[in-house]
Structure formats: C-alpha cells, structure tokens
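**Q** entry.cif is reproduced in full below (mmCIF, C-alpha atoms and all ligand atoms).
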data_query
#
loop_
_atom_site.label_atom_id
_atom_site.label_comp_id
_atom_site.auth_asym_id
_atom_site.auth_seq_id
_atom_site.Cartn_x
_atom_site.Cartn_y
_atom_site.Cartn_z
CA MET I 159 -10.38 11.58 7.24
CA PHE I 160 -7.26 9.57 8.21
CA HIS I 161 -8.71 6.36 6.73
CA GLN I 162 -9.49 8.00 3.35
CA PRO I 163 -7.09 7.12 0.48
CA LEU I 164 -7.64 10.68 -0.85
CA PHE I 165 -6.19 12.09 2.36
CA THR I 166 -2.99 10.07 1.81
CA LEU I 167 -2.83 11.42 -1.75
CA TYR I 168 -3.40 14.96 -0.45
CA LEU I 169 -0.56 14.62 2.09
CA PHE I 170 1.70 13.25 -0.64
CA LEU I 171 0.96 16.31 -2.81
CA GLN I 172 1.67 18.66 0.11
CA PHE I 173 4.95 16.83 0.72
CA GLN I 174 5.90 17.33 -2.93
CA VAL I 175 5.19 21.06 -2.63
CA PHE I 176 7.30 21.22 0.54
CA ILE I 177 10.25 19.53 -1.18
CA PHE I 178 9.79 21.70 -4.27
CA LEU I 179 9.99 24.92 -2.23
CA THR I 180 12.85 23.92 0.08
CA ASN I 181 14.80 22.55 -2.91
CA ARG I 182 14.77 26.07 -4.41
CA LEU I 183 15.99 28.17 -1.53
CA ALA I 184 17.82 30.45 -3.94
CA PHE I 185 17.31 33.75 -2.22
CA HIS I 186 18.94 34.85 1.00
CA PRO I 187 19.21 37.95 3.10
CA ARG I 188 22.61 39.60 2.57
CA PHE I 189 24.03 38.91 6.02
CA ARG I 190 25.41 35.48 6.71
CA VAL I 191 24.56 35.61 10.44
CA PHE I 192 20.94 35.17 9.52
CA GLU I 193 21.52 32.31 7.11
CA THR I 194 20.80 29.34 9.37
CA GLY I 195 17.86 31.15 10.95
CA TRP I 196 16.59 32.14 7.53
CA THR I 197 16.74 28.57 6.25
CA LEU I 198 15.06 27.13 9.35
CA SER I 199 12.34 29.79 9.33
CA TRP I 200 11.68 29.19 5.63
CA THR I 201 11.22 25.44 6.10
CA SER I 202 9.12 25.80 9.28
CA PHE I 203 7.01 28.62 7.75
CA THR I 204 6.24 26.43 4.72
CA LEU I 205 5.28 23.53 6.99
CA ALA I 206 3.12 25.77 9.22
CA VAL I 207 1.20 27.18 6.22
CA GLN I 208 0.66 23.71 4.79
CA THR I 209 -0.50 22.29 8.13
CA THR I 210 -2.89 25.21 8.78
CA LEU I 211 -4.43 24.80 5.31
CA THR I 212 -4.86 21.06 5.90
CA VAL I 213 -6.54 21.60 9.30
CA PHE I 214 -9.02 24.13 7.87
CA LEU I 215 -9.67 22.07 4.75
CA GLY I 216 -10.28 19.03 7.00
CA ARG I 217 -13.15 20.92 8.64
CA SER I 218 -14.99 21.28 5.32
CA TRP I 219 -14.12 17.98 3.69
CA ASP I 220 -13.67 14.49 5.14
CA PHE I 221 -11.62 13.55 2.04
CA SER I 222 -14.25 11.08 0.77
CA PRO I 223 -15.10 11.44 -2.94
CA SER I 224 -18.83 11.89 -2.15
CA ASP I 225 -18.23 14.77 0.29
CA TRP I 226 -16.16 16.70 -2.35
CA VAL I 227 -19.32 18.06 -4.06
CA ALA I 228 -20.46 19.94 -0.95
CA ILE I 229 -17.18 21.76 -0.09
CA PRO I 230 -16.90 25.51 -0.83
CA ALA I 231 -15.54 26.51 -4.28
CA GLY I 232 -12.49 28.18 -2.68
CA TRP I 233 -11.29 24.89 -1.20
CA LYS I 234 -11.95 23.12 -4.51
CA LEU I 235 -9.81 25.69 -6.32
CA LEU I 236 -7.01 25.46 -3.77
CA THR I 237 -6.93 21.66 -3.88
CA ALA I 238 -6.98 21.68 -7.69
CA ALA I 239 -4.15 24.28 -7.74
CA LEU I 240 -2.11 22.04 -5.44
CA ALA I 241 -2.58 19.02 -7.72
CA LEU I 242 -1.87 21.06 -10.88
CA SER I 243 1.30 22.62 -9.48
CA VAL I 244 2.68 19.17 -8.62
CA ILE I 245 1.76 17.86 -12.09
CA GLY I 246 3.40 20.99 -13.62
CA TYR I 247 6.57 20.49 -11.63
CA TRP I 248 6.91 16.85 -12.63
CA THR I 249 6.08 17.57 -16.29
CA GLU I 250 8.82 20.24 -16.44
CA PHE I 251 11.33 17.96 -14.70
CA LEU I 252 10.54 14.96 -16.89
CA PHE I 253 10.75 17.11 -20.03
CA TRP I 254 14.24 18.23 -18.94
CA LEU I 255 15.23 14.66 -18.10
CA LEU I 256 14.02 13.21 -21.39
CA PHE I 257 14.68 15.98 -23.92
CA VAL I 258 17.21 18.50 -22.53
CA LYS I 259 19.63 16.50 -20.38
CA LYS I 260 22.09 14.51 -22.49
CA PRO I 261 24.10 11.48 -21.38
CA VAL I 262 27.57 12.23 -20.03
CA GLN I 263 30.36 9.80 -20.80
CA SER I 264 32.15 9.70 -17.48
CA ARG I 265 33.80 7.00 -15.44
CA LEU I 266 34.59 6.97 -11.73
CA LEU I 267 38.19 5.73 -11.79
CA SER I 268 38.58 5.58 -8.02
CA SER I 269 36.89 6.72 -4.85
CA GLN I 270 38.80 6.62 -1.59
CA LEU I 271 38.05 7.81 1.92
CA VAL I 272 40.76 10.02 3.42
CA LYS I 273 41.96 8.41 6.65
CA LEU I 274 41.97 10.94 9.47
CA PRO I 275 43.63 10.67 12.89
CA PRO I 276 41.14 9.92 15.73
CA ARG I 277 41.38 13.50 17.07
CA PHE I 278 38.92 14.55 14.34
CA ARG I 279 35.51 14.03 15.88
CA PRO I 280 32.49 15.60 14.21
CA PRO I 281 30.00 17.85 16.00
CA LEU I 282 26.71 16.17 16.96
CA GLU I 283 28.41 12.77 16.89
CA PHE I 284 25.35 11.21 18.59
CA LEU I 285 23.39 11.67 15.34
CA LYS I 286 24.86 8.37 14.12
CA TYR I 287 22.71 6.53 16.67
CA LEU I 288 19.66 8.06 14.98
CA GLY I 289 20.81 6.93 11.54
CA PHE I 290 22.09 10.38 10.53
CA GLU I 291 25.84 10.22 10.90
CA ASN I 292 27.53 13.60 10.55
CA GLN I 293 29.92 12.91 7.65
CA ILE I 294 31.77 16.23 7.87
CA TYR I 295 35.02 14.33 8.63
CA GLN I 296 34.57 11.65 5.96
CA PRO I 297 36.15 13.28 2.91
CA GLU I 298 36.42 11.21 -0.27
CA VAL I 299 38.91 11.57 -3.09
CA ASN I 300 37.01 10.93 -6.29
CA GLU I 301 38.78 10.59 -9.63
CA TYR I 302 36.71 10.82 -12.78
CA GLU I 303 37.52 10.46 -16.42
CA VAL I 304 35.12 12.49 -18.54
CA PHE I 305 34.76 12.52 -22.31
CA LEU I 306 33.76 15.95 -23.60
CA PRO I 307 32.19 16.52 -27.03
CA HIS I 308 34.61 18.37 -29.40
CA TRP I 309 37.33 18.60 -26.73
CA PRO I 310 40.63 19.16 -28.63
CA LYS I 311 42.93 16.14 -28.66
CA GLU I 312 45.88 18.38 -27.69
CA PHE I 313 44.22 18.83 -24.29
CA SER I 314 43.11 15.22 -23.95
CA GLY I 315 44.35 13.86 -20.62
CA LEU I 316 44.40 17.29 -18.96
CA SER I 317 43.84 16.79 -15.25
CA ILE I 318 42.23 19.24 -12.86
CA VAL I 319 41.89 18.91 -9.10
CA GLN I 320 38.97 20.83 -7.64
CA ILE I 321 38.52 21.91 -4.04
CA SER I 322 35.34 23.79 -3.23
CA ASP I 323 33.21 25.29 -0.46
CA ILE I 324 35.67 24.93 2.39
CA HIS I 325 33.69 27.17 4.77
CA TYR I 326 36.61 27.52 7.18
CA GLY I 327 35.56 27.33 10.83
CA LYS I 328 35.97 25.60 14.15
CA TYR I 329 35.82 22.12 12.60
CA ILE I 330 37.14 22.87 9.11
CA ASN I 331 40.32 24.29 10.60
CA LEU I 332 43.96 24.57 9.60
CA ASP I 333 44.80 21.18 11.11
CA TYR I 334 42.14 19.46 8.97
CA LEU I 335 42.70 21.52 5.82
CA GLY I 336 46.45 20.89 6.03
CA ILE I 337 45.70 17.16 5.59
CA LEU I 338 43.33 17.79 2.67
CA VAL I 339 45.77 20.12 0.90
CA ALA I 340 48.50 17.46 1.20
CA VAL I 341 46.10 14.82 -0.19
CA ALA I 342 45.17 17.14 -3.09
CA GLN I 343 48.83 17.87 -3.86
CA LYS I 344 49.58 14.12 -4.06
CA LEU I 345 47.09 13.88 -6.96
CA LYS I 346 49.58 15.89 -9.09
CA PRO I 347 47.10 17.51 -11.48
CA ASP I 348 47.96 19.83 -14.36
CA LEU I 349 46.00 22.57 -12.62
CA PHE I 350 44.11 23.30 -9.44
CA VAL I 351 40.78 25.09 -9.23
CA LEU I 352 39.32 26.39 -5.96
CA THR I 353 35.70 27.27 -6.64
CA GLY I 354 34.76 29.63 -3.82
CA ASP I 355 33.19 29.86 -0.37
CA PHE I 356 36.45 29.68 1.55
CA ILE I 357 35.04 31.42 4.61
CA SER I 358 31.80 32.12 6.43
CA PHE I 359 33.32 34.79 8.71
CA GLN I 360 35.86 37.53 8.01
CA LYS I 361 37.86 36.67 11.15
CA HIS I 362 38.99 33.41 9.55
CA ILE I 363 40.92 35.00 6.69
CA PRO I 364 44.22 35.42 8.61
CA ALA I 365 44.02 31.84 9.92
CA MET I 366 44.20 30.46 6.38
CA GLU I 367 47.29 32.45 5.45
CA GLY I 368 49.80 30.37 3.52
CA LEU I 369 47.58 27.26 3.40
CA PHE I 370 47.15 27.21 -0.40
CA LYS I 371 50.77 28.14 -1.10
CA LYS I 372 51.43 24.40 -0.81
CA LEU I 373 49.33 23.72 -3.92
CA LYS I 374 51.58 23.56 -6.96
CA ALA I 375 50.63 22.58 -10.49
CA PRO I 376 52.40 23.09 -13.82
CA LEU I 377 49.48 25.07 -15.31
CA GLY I 378 48.71 27.02 -12.16
CA VAL I 379 46.22 27.42 -9.34
CA TYR I 380 43.03 29.40 -9.98
CA ALA I 381 40.27 30.51 -7.66
CA LEU I 382 36.83 32.12 -7.58
CA LEU I 383 35.04 33.88 -4.77
CA GLY I 384 31.67 32.54 -3.61
CA ASN I 385 28.64 34.21 -2.06
CA HIS I 386 29.88 33.47 1.47
CA ASP I 387 33.24 35.09 0.72
CA TYR I 388 31.40 38.22 -0.37
CA TRP I 389 29.08 38.12 2.64
CA SER I 390 32.17 37.92 4.89
CA ASP I 391 34.87 39.99 3.14
CA GLY I 392 35.32 39.40 -0.62
CA GLU I 393 38.16 41.88 -1.03
CA GLY I 394 40.05 40.52 1.98
CA MET I 395 39.66 36.93 0.74
CA ARG I 396 40.85 37.89 -2.75
CA LYS I 397 43.98 39.55 -1.33
CA ALA I 398 44.71 36.53 0.89
CA LEU I 399 44.48 34.17 -2.10
CA GLU I 400 46.67 36.38 -4.26
CA GLU I 401 49.29 36.49 -1.50
CA ASP I 402 49.35 32.69 -1.80
CA HIS I 403 50.15 33.18 -5.55
CA ILE I 404 46.68 32.09 -6.62
CA ARG I 405 45.05 33.86 -9.55
CA VAL I 406 41.51 34.91 -8.64
CA LEU I 407 39.30 35.07 -11.72
CA ARG I 408 36.49 37.61 -11.59
CA ASN I 409 34.96 37.86 -15.05
CA ASP I 410 38.44 37.20 -16.32
CA VAL I 411 40.07 34.65 -18.64
CA ALA I 412 43.40 32.85 -18.23
CA MET I 413 44.89 31.63 -21.50
CA ILE I 414 46.77 28.35 -21.20
CA LYS I 415 48.89 27.01 -24.09
CA ARG I 416 49.60 23.36 -24.79
CA LYS I 417 50.95 21.74 -27.98
CA GLY I 418 50.19 24.90 -30.00
CA LYS I 419 46.55 25.07 -28.87
CA THR I 420 44.92 27.38 -26.34
CA LEU I 421 42.68 26.65 -23.39
CA ALA I 422 40.57 29.60 -22.28
CA LEU I 423 40.01 29.16 -18.55
CA MET I 424 37.14 31.54 -17.87
CA GLY I 425 36.15 32.54 -14.36
CA VAL I 426 32.83 34.24 -13.75
CA ASP I 427 32.17 36.31 -10.63
CA ASP I 428 29.62 34.97 -8.14
CA LEU I 429 26.04 34.80 -9.44
CA TRP I 430 24.46 36.32 -6.31
CA GLU I 431 27.04 38.75 -4.98
CA GLY I 432 29.63 39.33 -7.70
CA THR I 433 29.77 41.98 -10.43
CA LYS I 434 27.83 41.09 -13.57
CA ASN I 435 30.11 41.56 -16.58
CA GLU I 436 29.86 38.70 -19.05
CA ALA I 437 31.53 40.46 -22.02
CA PRO I 438 35.14 39.31 -21.33
CA LEU I 439 33.91 35.73 -21.19
CA LEU I 440 31.65 35.96 -24.22
CA ASN I 441 34.60 37.39 -26.21
CA ALA I 442 37.10 34.79 -25.02
CA LYS I 443 38.73 32.80 -27.82
CA GLY I 444 40.21 29.35 -27.26
CA ASP I 445 40.41 25.92 -28.85
CA ALA I 446 39.26 24.52 -25.52
CA LYS I 447 37.04 26.40 -23.08
CA ILE I 448 36.30 25.81 -19.42
CA LEU I 449 34.04 28.02 -17.33
CA LEU I 450 34.72 28.20 -13.61
CA ALA I 451 31.57 29.38 -11.82
CA HIS I 452 30.89 29.14 -8.10
CA HIS I 453 27.16 28.74 -8.72
CA PRO I 454 25.99 25.90 -11.00
CA ASP I 455 23.05 28.11 -12.08
CA HIS I 456 25.63 29.92 -14.26
CA PHE I 457 25.24 26.96 -16.66
CA TYR I 458 23.35 29.26 -19.05
CA LEU I 459 26.59 31.27 -19.44
CA ALA I 460 28.68 28.16 -20.06
CA LYS I 461 26.32 27.30 -22.94
CA LYS I 462 26.36 30.89 -24.21
CA THR I 463 30.17 31.01 -24.23
CA LYS I 464 30.25 27.56 -25.89
CA ALA I 465 32.38 26.20 -23.05
CA HIS I 466 33.16 22.49 -23.20
CA LEU I 467 32.94 22.21 -19.43
CA GLN I 468 31.71 24.18 -16.44
CA ILE I 469 33.18 23.44 -13.02
CA SER I 470 31.12 24.58 -10.02
CA GLY I 471 30.50 24.15 -6.31
CA HIS I 472 28.00 25.97 -4.07
CA CYS I 473 25.13 23.48 -3.58
CA HIS I 474 27.25 21.05 -1.47
CA GLY I 475 25.31 18.17 -3.06
CA GLY I 476 22.44 19.21 -0.78
CA GLN I 477 24.72 18.77 2.30
CA ILE I 478 21.95 17.49 4.59
CA CYS I 479 20.35 14.61 2.75
CA PHE I 480 17.88 11.92 3.75
CA PRO I 481 17.62 8.33 2.51
CA LEU I 482 15.14 7.94 -0.39
CA TRP I 483 14.11 11.60 -0.13
CA GLY I 484 17.49 13.21 -0.94
CA PRO I 485 18.46 16.78 -0.15
CA LEU I 486 16.26 19.15 1.84
CA ILE I 487 17.80 22.57 1.13
CA ILE I 488 19.21 23.43 -2.31
CA PRO I 489 20.28 27.03 -2.95
CA SER I 490 19.49 26.95 -6.68
CA THR I 491 16.56 28.01 -8.83
CA LYS I 492 16.94 24.72 -10.70
CA GLY I 493 16.07 22.45 -7.77
CA ARG I 494 17.86 19.13 -8.04
CA LYS I 495 18.98 19.43 -11.66
CA TYR I 496 22.49 20.76 -10.94
CA VAL I 497 22.89 19.77 -7.31
CA GLU I 498 25.92 17.51 -7.81
CA GLY I 499 27.91 15.52 -10.34
CA PHE I 500 27.82 15.61 -14.12
CA VAL I 501 25.06 17.05 -16.32
CA ARG I 502 25.20 17.73 -20.04
CA GLU I 503 22.94 20.03 -22.03
CA GLY I 504 23.77 20.45 -25.72
CA ASP I 505 27.54 20.08 -26.07
CA THR I 506 28.31 21.64 -22.68
CA THR I 507 29.00 19.52 -19.61
CA LEU I 508 28.65 20.70 -16.02
CA PHE I 509 30.39 19.25 -13.00
CA ALA I 510 29.02 20.31 -9.61
CA HIS I 511 31.30 19.51 -6.65
CA ARG I 512 29.88 18.47 -3.25
CA GLY I 513 32.29 20.75 -1.37
CA ILE I 514 34.38 20.23 1.73
CA GLY I 515 32.67 22.02 4.59
CA GLY I 516 29.29 23.43 5.34
CA TYR I 517 27.63 26.13 7.30
CA PRO I 518 26.62 24.71 9.79
CA PRO I 519 29.29 21.92 9.72
CA ILE I 520 26.82 19.06 9.36
CA ARG I 521 26.61 16.71 6.40
CA THR I 522 24.38 13.66 6.26
CA TYR I 523 24.30 11.11 3.41
CA CYS I 524 26.53 13.52 1.51
CA ARG I 525 30.26 13.15 2.04
CA PRO I 526 32.73 15.97 1.42
CA GLU I 527 35.00 15.45 -1.58
CA ILE I 528 38.19 16.36 -3.37
CA VAL I 529 37.77 15.74 -7.07
CA LYS I 530 40.22 14.99 -9.84
CA LEU I 531 38.84 15.32 -13.35
CA ILE I 532 40.73 13.86 -16.29
CA LEU I 533 39.39 15.43 -19.48
CA ARG I 534 39.33 13.34 -22.65
CA SER I 535 38.29 14.03 -26.18
FE FE I 601 28.05 29.25 -2.11
#
Just give me the structure of the file as structure tokens.
**A**
Amino acid sequence: MFHQPLFTLYLFLQFQVFIFLTNRLAFHPRFRVFETGWTLSWTSFTLAVQTTLTVFLGRSWDFSPSDWVAIPAGWKLLTAALALSVIGYWTEFLFWLLFVKKPVQSRLLSSQLVKLPPRFRPPLEFLKYLGFENQIYQPEVNEYEVFLPHWPKEFSGLSIVQISDIHYGKYINLDYLGILVAVAQKLKPDLFVLTGDFISFQKHIPAMEGLFKKLKAPLGVYALLGNHDYWSDGEGMRKALEEDHIRVLRNDVAMIKRKGKTLALMGVDDLWEGTKNEAPLLNAKGDAKILLAHHPDHFYLAKKTKAHLQISGHCHGGQICFPLWGPLIIPSTKGRKYVEGFVREGDTTLFAHRGIGGYPPIRTYCRPEIVKLILRS
C-alpha cells in the first residue's frame, strides 16, 4: 500500500484531522498539575486511534482504486467520513477567511529583541541543535499602530502596553521579570493592561510581590485573571495585584475621560473559570470601548458590546510551533483563527498577544512579546 498515491492522500487526510483536533484543545481538567499530562495524552491518544484505524483498514484495502469495491461498507463509510470532515473543516475556514474576516489596517512600527545578560539560559538548550531552539528567553518588543473603524478622534494616539501570560516559575522568575517590567515602563504608554495567567502555582504569588508596582501610566494599570490564576489561587492573585495598586477587572468597567469623551475599558472574567456576568459590560456606555478578555474566544462578547477593540492573551501564539505546520496545541474552540495578532470581524478588531512565559517553559518558533498598541481613528 505504501506505493499507492491514495495511501499518501489518506495519510494527508489523517494528518489534517490530527491538526484539527490538537488545534482545538479547549477543554481541560480543573487541576493544573494534570495539564501537561492531559495535553500529551490527548495528542498521543489521537495518534494511537488514527494509527490503529490505518493498520486495520490496511488489512482490508491495499489503497488501489480497483480494490476499493471489495472492502466492507463500514470501512467505506469511515474513509468517506474522514474525507468529508476535512472538506467541511476547510470549507468553514475558507468561508471565514473570505467572508467574515475583514482586513485590519495595522502597521508594525518596530520589533526589537530584548538583550538579556548571559546568565539567562533556557531549559532544554540542546533543542537548538535539532532545529527547535527554545525561545523562552528571546522576548521581543513589538510596537503596532492600528487604525480602528469609528474610533473617536479624541482618543486617537492612545497607547497601551500589554503584558500577558507570564506563568511565573523557575525560569520566568523575578530576575527576568524585573528586566521585562523595566523595558515595558520605558515604552511610556498611556495605560498598561496585564491580561492574565500570572501564575501556574499558588506558591509563586508571594514571590511576585511588588513587581508590578513599578508600572506607572497616566491612565492607570489594569489586569484580568486567567484560567491558570484561577486553577492556582484566583483570590490570592487578585489581592496581590490590588496591593500593587492595579485594578483587577472582573465583569467590571473602568471609565476613562479624555478631551471630554469617555473610554469604557471593559474587563470580562475568564471564559473557562471566571463568573459569567455579561450585563455590566453590555450596559457600559462610552464613546470608545475596549474589551479586555483573557481568552480570545470572548470575541463574540466584544462584538455584542460593540467594542472597537478586544485585547487578549491565553493562546500564547501556539507556543510550540513547527516550521510550515504552525502550532500544535491551541486552547481555543476556534482553532487558528484567533491564535495571535490582529483579526477583524464587522467593526470590531481583536488583538491576541503571544504571552511571555509558558507552562512548560518551552517556546519554539514563537517568541515571547511585550506589545505596545497605538490606537488611531
Ligand atoms: Fe490562559
């Protein structure tokens, strides 16, 4: 069967199904200790099922067109279902790409690597010899200018620096974060937003004490909690942030005035683990509206609240990516649609940040980032 072109096509379809499933790993057991194991078991289980099916199918069919007629109806149905599901997936994605997704007018003004002292050496450093350099210590500072439909001219030029998905730990420690916070402060934005997943373990909350106090911006510093904060200790993390004079938005709106106009900065609680209460956000009034949401899958709410912009984190840009193939694991029901960068649907724009850390602290073909957004009308 290995010499049959149909076998190559079959393997390609199975590969598509594998990517489709692992790119939608949007459900997790509640306890973070199982997360890595859960992810690995999900990917290996999918592969094992696909391989077993292929081995058994290979016993009935040698993948030549003439032999197809004789194979049992069950195998015919299964093979047809495989082909149809891949066609369905691509049809849905192409429909979104062509008819739902709108062009975003954005410009990368600058992209610079943060220079770190040589004491910062990533875990699994040897991966670089295999072509998979661990980029966990290669943070970029990316500055974008983005033009938002109907954005009030009074808020044109407003700058926001976003830090997301720190996942404090052995490698993403105080020493390293101190450097990043200083870099972020040098960007002098009008406001800072920290979009969740500060910790993966409760024990790290005290270690971060005072870290974010150094962030100062004329319009304030705002934060959200992410699923990992809740899995570790959401209440403890909230208190720690508030002690650093950071306002934590949980289904809450901060009203910011500028030149007689109001910006409603809405913060929704985490999609997976937070409290669902959309009313305060749906009732928010403002000339300009921004939704802060840890999870990009909250984009439906940004559109419902008629926000000009949603700012999110969570997916880490895929975190572990492969050349040509892209990300393996994406914790979103939308697959690759909102994995990173800008997306516009209707008049609402989404920006998904790649994050700083990761759990585990490995990033390939997906550098960490600090982002400055300059909003223009
Ligand atoms: Fe998250």
**Q** Taking only C-alpha atoms and all ligand atoms into account, which residues have an atom no farther than 7 Å from ligand FE 601 (chain I)? I'd like them as a list in words.
**A** Asp323, Gly354, Asp355, Gly384, Asn385, His386, His452, His453, His472 and Cys473 of chain I
**Q** Each residue of stretch 485-510 of chain I lying at most 12 Å from stretch 420-433 of chain I should get a row with its shortest atom-to-atom pair and the distance in Å to one decimal, counting only C-alpha atoms; could you produce that, ordered by chain and increasing number, as JSON lines?
**A**
{"residue": "I:Pro489", "atom": "CA", "partner": "I:Trp430", "partner_atom": "CA", "distance": 10.7}
{"residue": "I:Ser490", "atom": "CA", "partner": "I:Leu429", "partner_atom": "CA", "distance": 10.6}
{"residue": "I:Thr491", "atom": "CA", "partner": "I:Leu429", "partner_atom": "CA", "distance": 11.7}
**Q** So that I can check the surroundings of I:His325, please list as a count of residues only every protein, DNA and RNA residue that reaches within 8 Å of it, counting only C-alpha atoms and ignoring chain neighbours fewer than 6 positions away.
**A** 8
**Q** From the options I:Asn300, I:Asn292, I:Thr201, I:Gln343, which residue's atoms come nearest to I:Pro376, counting all atoms listed in the file?
**A**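 Of I:Asn300, I:Asn292, I:Thr201, I:Gln343, the one nearest I:Pro376, counting all atoms listed in the file, is I:Gln343.
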**Q** When you draw a straight line from atom CA of I:Leu179 to atom CA of I:Gly216, how long is it in Å?
**A**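 Taking atom CA of I:Leu179 and atom CA of I:Gly216, their separation equals 23.0 Å.
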**Q** Between atom CA of I:Pro281 and atom CA of I:Gln293, what is the distance, to one decimal in Å?
**A** 9.7 Å
**Q** For each of I:Ile337, I:Leu211, I:Leu242, I:Leu198, take the minimum atom-to-atom distance to I:Val272, counting all atoms listed in the file, then give the residue where this is smallest.
**A**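 Under the stated criterion, the closest residue is I:Ile337.
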**Q** In Å, rounded to a single decimal, give me how far atom CA of I:Ala442 is from atom CA of I:Ile318.
**A** 20.4 Å
**Q** Between I:Gly484, I:Gly513, I:Gly471, I:Pro364, which residue has the minimum interatomic distance to I:Gly394, considering only C-alpha atoms?
**A**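 Once distances to I:Gly394 are computed over only C-alpha atoms, the minimum belongs to I:Pro364.
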**Q** I'd like to know which of I:Ser317, I:Ser322, I:Gln477, I:Gln468 is closest to I:Leu349, using only C-alpha atoms.
**A**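 Among the listed residues, I:Ser317 lies closest to I:Leu349.
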**Q** Write out as a ChimeraX atom specification the residues lying within 6 Å of I:Ile229, counting all atoms listed in the file and excluding same-chain residues fewer than 2 positions away.
**A** /I:218,226-227
**Q** Applying 10 Å and only C-alpha atoms, which residues near stretch 501-506 of chain I remain after dropping the ones on its own chain fewer than 4 positions away? List them as an mmCIF file with C-alpha atoms, keeping the file's coordinate frame.
**A**
data_model
loop_
_atom_site.group_PDB
_atom_site.id
_atom_site.type_symbol
_atom_site.label_atom_id
_atom_site.label_comp_id
_atom_site.auth_asym_id
_atom_site.auth_seq_id
_atom_site.Cartn_x
_atom_site.Cartn_y
_atom_site.Cartn_z
ATOM 1 C CA TRP I 254 14.240 18.230 -18.940
ATOM 2 C CA PHE I 257 14.680 15.980 -23.920
ATOM 3 C CA VAL I 258 17.210 18.500 -22.530
ATOM 4 C CA LYS I 259 19.630 16.500 -20.380
ATOM 5 C CA LYS I 260 22.090 14.510 -22.490
ATOM 6 C CA PRO I 261 24.100 11.480 -21.380
ATOM 7 C CA VAL I 262 27.570 12.230 -20.030
ATOM 8 C CA GLN I 263 30.360 9.800 -20.800
ATOM 9 C CA LEU I 306 33.760 15.950 -23.600
ATOM 10 C CA PRO I 307 32.190 16.520 -27.030
ATOM 11 C CA HIS I 308 34.610 18.370 -29.400
ATOM 12 C CA TRP I 309 37.330 18.600 -26.730
ATOM 13 C CA LYS I 447 37.040 26.400 -23.080
ATOM 14 C CA ILE I 448 36.300 25.810 -19.420
ATOM 15 C CA PHE I 457 25.240 26.960 -16.660
ATOM 16 C CA TYR I 458 23.350 29.260 -19.050
ATOM 17 C CA ALA I 460 28.680 28.160 -20.060
ATOM 18 C CA LYS I 461 26.320 27.300 -22.940
ATOM 19 C CA LYS I 462 26.360 30.890 -24.210
ATOM 20 C CA THR I 463 30.170 31.010 -24.230
ATOM 21 C CA LYS I 464 30.250 27.560 -25.890
ATOM 22 C CA ALA I 465 32.380 26.200 -23.050
ATOM 23 C CA HIS I 466 33.160 22.490 -23.200
ATOM 24 C CA LEU I 467 32.940 22.210 -19.430
ATOM 25 C CA GLN I 468 31.710 24.180 -16.440
ATOM 26 C CA LYS I 495 18.980 19.430 -11.660
ATOM 27 C CA TYR I 496 22.490 20.760 -10.940
ATOM 28 C CA VAL I 497 22.890 19.770 -7.310
ATOM 29 C CA ALA I 510 29.020 20.310 -9.610
#
**Q** So which one's closest to I:Ala239, I:Gln172, I:Leu382, I:Leu316, I:Met395? Using all atoms listed in the file, please.
**A**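 Using all atoms listed in the file, the shortest distance to I:Ala239 belongs to I:Gln172.
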**Q** Output, as JSON, the centre and edge lengths in Å (one decimal) of the axis-aligned box that contains all listed atoms of stretch 472-489 of chain I with 3 Å of margin on each side.
**A**
{"center_x": 21.1, "center_y": 17.5, "center_z": 0.3, "size_x": 19.9, "size_y": 25.1, "size_z": 14.7}
